[in-house]
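Asks: Sharing a structure, written as structure tokens. Questions coming.
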Amino acid sequence: MSRHIQLASSQQRLEQTLAQWRQWRCDPDLPGSPHLERRLEGGLSNHNFLVRAAEQMFVVRIDGINPSQHGLSRQVEYRALESAAGIGIAPQPCYFNPELGALVCQHLTPDTRQAPMPIELARLCQHIHGLPHRHHRLDLDDRIRRYTALIKRAKKTLPSTALASAVERILPHCETSDPVLCHNDLLPANLMRSGDRLFALDWEYCAMGNPWFDLAVASDGQDYSPEGIEEFLTAYLKRPPDEQDWQQLQWHRIIYRYLELLWHLVQAEEDSSQQILVERQTLLGDMLSQAVPG
């Protein structure tokens, strides 16, 4: 019943968003009301729709989660997206309505080849980290506590105390006094090559933070070989990575994987959460055996 109500609500908000088409910032201006082409697959926490107005195509995202509950700032996301679109690394945002939980962006047509080369991904990260600062910071410890509280409230099984303690020992090593704007979710699903250019999509987790978190998510998501990761880091750093660089990458990979585990536990149904917990704790245990600080 709750799922049906949620879907009905997203459909209603989509219709309200389309009805606001005269307020969309498009070039050229829309000739008339856009119409729904189809619902897009993917998107575990939001609802995405492809819409058309004459020859122009757009993606409408409707919130499926409470942004504040997940530590997100929709206003920061929209401003960062505007800046990123301005330098050609993100789709152009056309409409934003936080009351409806709606964001409309230009639709990009994907190229046949999608997987980015390490150097291409490194350049994208450099561009993102050079964007203007925003008044929203990713607090990894707070994000972990937030997800942990949600898991407890749902009376699901938490990760082991030993794992949580190991992660807690790593967190101080991930702090930075020189934060930059980060995307924080540079997984393959949020990257697209269009017109032979690499774009970053879905900026909802963007915030000021340690660039190593972005580098960890991006390199982990592509499943590069050790040589590919070294090429990626060398291109980003503009020098070969040293021992400290490798340590930073490994610490942030663990924090990312732990956050990913918590997020999946928050979203998963009770009958599947235990399997997720077992599988991902095993992976994290292997990573921690090589990286836990004393």
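Note on naming: chains are A, B, ... as they come in the structure tokens, residues start from 1 per chain, ligands start from 1 in the order shown.
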Identify all residues of range 2-89 of chain A in helix (DSSP H, G or I) (DSSP on the backbone) and supply them as an MDAnalysis selection string.

Replies: chainID A and resid 2:19 21:23 67:70 74:86

Asks: Find the spatial neighbours of range 59-62 of chain A, counting only C-alpha atoms, within a cut-off of 7 Å - ignore same-chain residues fewer than 5 positions away - and output them as a PyMOL selection string.

Replies: chain A and resi 10+14+46-51+101-107

Asks: DSSP on the backbone, then: every residue of range 52-252 of chain A marked strand (DSSP E), written as a ChimeraX atom specification.

Replies: /A:52-53,56-63,93-97,102-106,180-182,191-194,197-200,207-209

Asks: At a cut-off of 12 Å, can you tabulate as a Markdown table every residue of range 96-135 of chain A near range 230-244 of chain A together with its closest atom pair and the distance in Å to one decimal, using only C-alpha atoms and ordering rows by chain then number?

Replies:
```
| residue | atom | partner | partner_atom | distance |
| --- | --- | --- | --- | --- |
| A:Pro116 | CA | A:Phe232 | CA | 10.6 |
| A:Met117 | CA | A:Phe232 | CA | 8.3 |
| A:Pro118 | CA | A:Phe232 | CA | 4.5 |
| A:Ile119 | CA | A:Phe232 | CA | 5.6 |
| A:Glu120 | CA | A:Phe232 | CA | 8.4 |
| A:Leu121 | CA | A:Phe232 | CA | 7.2 |
| A:Ala122 | CA | A:Tyr236 | CA | 4.9 |
| A:Arg123 | CA | A:Tyr236 | CA | 6.6 |
| A:Leu124 | CA | A:Tyr236 | CA | 9.1 |
| A:Cys125 | CA | A:Tyr236 | CA | 7.5 |
| A:Gln126 | CA | A:Tyr236 | CA | 6.5 |
| A:His127 | CA | A:Tyr236 | CA | 10.2 |
| A:Ile128 | CA | A:Tyr236 | CA | 11.6 |
| A:His129 | CA | A:Tyr236 | CA | 10.6 |
```

Asks: For Leu138 in chain A, which residue among A:Arg280, A:Arg257, A:His70, A:Arg52 is the nearest when counting only C-alpha atoms?

Replies: A:His70

Asks: Please identify all polymer residues within 12 Å of Leu201 in chain A, counting only C-alpha atoms, omitting same-chain residues fewer than 4 positions from it, and present them as a CSV table (one decimal) with N, CA, C and O atoms, in the first residue's frame.

Replies:
```csv
chain,number,residue,atom,x,y,z
A,43,GLY,N,17.8,4.5,-10.7
A,43,GLY,CA,17.5,5.4,-9.7
A,43,GLY,C,16.8,4.8,-8.5
A,43,GLY,O,15.6,4.6,-8.4
A,59,VAL,N,15.1,15.3,-18.8
A,59,VAL,CA,15.0,14.3,-17.7
A,59,VAL,C,14.4,15.0,-16.5
A,59,VAL,O,15.0,16.1,-16.1
A,61,ARG,N,13.5,14.6,-12.6
A,61,ARG,CA,13.8,13.8,-11.4
A,61,ARG,C,12.8,14.3,-10.3
A,61,ARG,O,12.7,15.5,-10.0
A,77,GLU,N,23.0,21.4,-4.6
A,77,GLU,CA,23.0,20.6,-5.8
A,77,GLU,C,22.7,21.4,-7.1
A,77,GLU,O,23.4,21.3,-8.1
A,78,TYR,N,21.7,22.2,-7.0
A,78,TYR,CA,21.3,23.0,-8.2
A,78,TYR,C,22.3,24.0,-8.6
A,78,TYR,O,22.7,24.1,-9.8
A,80,ALA,N,25.5,23.9,-7.9
A,80,ALA,CA,26.7,23.2,-8.4
A,80,ALA,C,26.5,22.7,-9.8
A,80,ALA,O,27.4,22.7,-10.6
A,81,LEU,N,25.3,22.2,-10.0
A,81,LEU,CA,24.9,21.7,-11.4
A,81,LEU,C,25.0,22.8,-12.4
A,81,LEU,O,25.5,22.6,-13.5
A,84,ALA,N,28.7,23.4,-13.1
A,84,ALA,CA,29.3,22.3,-13.8
A,84,ALA,C,28.8,22.3,-15.3
A,84,ALA,O,29.6,22.1,-16.2
A,85,ALA,N,27.5,22.7,-15.5
A,85,ALA,CA,27.0,22.8,-16.9
A,85,ALA,C,27.7,23.9,-17.6
A,85,ALA,O,27.9,23.8,-18.8
A,88,GLY,N,30.7,22.6,-19.2
A,88,GLY,CA,30.5,21.5,-20.0
A,88,GLY,C,30.8,20.1,-19.5
A,88,GLY,O,31.2,19.2,-20.2
A,89,ILE,N,30.6,20.0,-18.1
A,89,ILE,CA,30.8,18.7,-17.5
A,89,ILE,C,29.5,18.1,-16.9
A,89,ILE,O,29.6,17.1,-16.2
A,90,ALA,N,28.4,18.7,-17.1
A,90,ALA,CA,27.1,18.3,-16.6
A,90,ALA,C,26.0,18.7,-17.5
A,90,ALA,O,26.1,19.7,-18.2
A,91,PRO,N,24.8,18.0,-17.5
A,91,PRO,CA,23.7,18.5,-18.3
A,91,PRO,C,23.2,19.8,-17.7
A,91,PRO,O,23.3,20.1,-16.5
A,92,GLN,N,22.6,20.6,-18.6
A,92,GLN,CA,22.1,21.9,-18.2
A,92,GLN,C,20.8,21.8,-17.4
A,92,GLN,O,19.8,21.2,-17.9
A,93,PRO,N,20.8,22.4,-16.2
A,93,PRO,CA,19.5,22.4,-15.4
A,93,PRO,C,18.6,23.4,-16.0
A,93,PRO,O,19.0,24.5,-16.3
A,105,CYS,N,16.5,18.6,-16.1
A,105,CYS,CA,17.7,18.8,-16.8
A,105,CYS,C,17.6,18.4,-18.3
A,105,CYS,O,16.8,17.6,-18.7
A,106,GLN,N,18.5,19.0,-19.1
A,106,GLN,CA,18.7,18.7,-20.5
A,106,GLN,C,19.0,17.2,-20.6
A,106,GLN,O,19.7,16.6,-19.8
A,107,HIS,N,18.4,16.5,-21.5
A,107,HIS,CA,18.7,15.1,-21.8
A,107,HIS,C,19.9,15.0,-22.7
A,107,HIS,O,20.0,15.7,-23.7
A,108,LEU,N,20.8,14.1,-22.3
A,108,LEU,CA,22.0,13.9,-23.1
A,108,LEU,C,21.9,12.6,-23.9
A,108,LEU,O,21.5,11.6,-23.3
A,124,LEU,N,38.0,14.9,-15.4
A,124,LEU,CA,36.7,15.2,-14.9
A,124,LEU,C,36.7,15.6,-13.5
A,124,LEU,O,36.2,16.6,-13.0
A,128,ILE,N,35.7,19.1,-11.6
A,128,ILE,CA,34.7,19.2,-10.5
A,128,ILE,C,35.4,19.8,-9.3
A,128,ILE,O,34.7,20.7,-8.7
A,183,HIS,N,31.7,15.6,-6.1
A,183,HIS,CA,30.5,15.0,-6.6
A,183,HIS,C,30.0,14.0,-5.6
A,183,HIS,O,28.8,13.9,-5.3
A,184,ASN,N,31.0,13.2,-5.1
A,184,ASN,CA,30.7,12.2,-4.1
A,184,ASN,C,29.9,10.9,-4.5
A,184,ASN,O,29.6,10.1,-3.7
A,185,ASP,N,29.7,10.8,-5.8
A,185,ASP,CA,28.9,9.6,-6.3
A,185,ASP,C,29.3,9.3,-7.7
A,185,ASP,O,28.4,9.0,-8.5
A,186,LEU,N,30.6,9.4,-8.0
A,186,LEU,CA,31.0,9.2,-9.4
A,186,LEU,C,31.1,7.8,-9.8
A,186,LEU,O,32.1,7.3,-10.3
A,187,LEU,N,30.0,7.1,-9.7
A,187,LEU,CA,29.9,5.7,-10.2
A,187,LEU,C,29.5,5.6,-11.6
A,187,LEU,O,29.1,6.6,-12.2
A,188,PRO,N,29.7,4.5,-12.3
A,188,PRO,CA,29.4,4.4,-13.7
A,188,PRO,C,28.0,4.9,-14.1
A,188,PRO,O,27.8,5.5,-15.1
A,189,ALA,N,27.0,4.6,-13.2
A,189,ALA,CA,25.6,5.1,-13.5
A,189,ALA,C,25.5,6.6,-13.6
A,189,ALA,O,24.5,7.1,-14.1
A,190,ASN,N,26.4,7.3,-12.9
A,190,ASN,CA,26.4,8.7,-12.9
A,190,ASN,C,27.4,9.4,-13.8
A,190,ASN,O,27.7,10.6,-13.7
A,191,LEU,N,27.9,8.6,-14.7
A,191,LEU,CA,28.8,9.2,-15.7
A,191,LEU,C,28.3,8.9,-17.1
A,191,LEU,O,27.7,7.8,-17.3
A,192,MET,N,28.4,9.8,-18.0
A,192,MET,CA,27.9,9.6,-19.4
A,192,MET,C,28.8,10.3,-20.4
A,192,MET,O,29.1,11.4,-20.2
A,193,ARG,N,29.1,9.5,-21.4
A,193,ARG,CA,29.8,10.1,-22.6
A,193,ARG,C,28.8,10.5,-23.6
A,193,ARG,O,27.9,9.7,-24.0
A,194,SER,N,28.8,11.8,-24.0
A,194,SER,CA,27.8,12.2,-25.0
A,194,SER,C,28.6,13.3,-25.9
A,194,SER,O,29.2,14.2,-25.4
A,205,TYR,N,24.5,14.3,-4.1
A,205,TYR,CA,25.4,14.1,-3.0
A,205,TYR,C,26.6,15.1,-3.0
A,205,TYR,O,27.5,15.0,-2.1
A,206,CYS,N,26.6,16.1,-3.9
A,206,CYS,CA,27.7,17.0,-4.0
A,206,CYS,C,27.8,17.9,-2.7
A,206,CYS,O,26.8,18.3,-2.1
```

Asks: For each of A:Pro179, A:Gly86, A:Pro98, A:Pro34, take the minimum atom-to-atom distance to Ser68 in chain A, counting only C-alpha atoms, then give the residue where this is smallest.

Replies: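 Residue with the minimum atom-to-atom distance to Ser68 in chain A: A:Pro98.
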
Asks: What does the distance between CA of Phe96 in chain A and CA of Leu36 in chain A come to in Å, to one decimal place?

Replies: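 A separation of 17.8 Å between them.
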
Asks: Give me, please, the distance in Å between CA of Glu168 in chain A and CA of Glu227 in chain A, quoted to one decimal.

Replies: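 CA of Glu227 in chain A lies at a distance of 29.8 Å from CA of Glu168 in chain A.
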
Asks: Can you tell me how far CA of Gln274 in chain A sits from CA of Leu140 in chain A, in Å to one decimal?

Replies: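 These two atoms are separated by 23.8 Å.
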
Asks: Could you name the residues that touch Glu99 in chain A at 12 Å or less, counting only C-alpha atoms, but leaving out those on the same chain fewer than 6 positions away, as a tab-separated table (two decimals) with N, CA and C atoms, in the first residue's frame?

Replies:
```
chain	number	residue	atom	x	y	z
A	13	ARG	N	3.34	14.82	-8.73
A	13	ARG	CA	4.37	15.87	-8.74
A	13	ARG	C	4.98	16.04	-10.11
A	16	GLN	N	2.57	18.23	-12.02
A	16	GLN	CA	2.70	19.62	-11.59
A	16	GLN	C	3.95	20.26	-12.16
A	17	THR	N	5.03	19.49	-12.23
A	17	THR	CA	6.28	20.00	-12.80
A	17	THR	C	6.11	20.31	-14.28
A	62	ILE	N	12.09	13.35	-9.76
A	62	ILE	CA	11.20	13.62	-8.64
A	62	ILE	C	11.75	12.91	-7.41
A	63	ASP	N	11.89	13.64	-6.32
A	63	ASP	CA	12.44	13.04	-5.10
A	63	ASP	C	11.64	11.82	-4.67
A	66	ASN	N	13.48	11.75	1.45
A	66	ASN	CA	13.52	13.03	2.13
A	66	ASN	C	14.97	13.51	2.11
A	67	PRO	N	15.31	14.55	1.33
A	67	PRO	CA	16.71	14.96	1.20
A	67	PRO	C	17.38	15.25	2.54
A	74	ARG	N	19.39	20.29	-1.68
A	74	ARG	CA	18.95	20.44	-3.07
A	74	ARG	C	19.38	21.79	-3.65
A	75	GLN	N	19.41	22.82	-2.80
A	75	GLN	CA	19.84	24.13	-3.30
A	75	GLN	C	21.30	24.11	-3.74
```
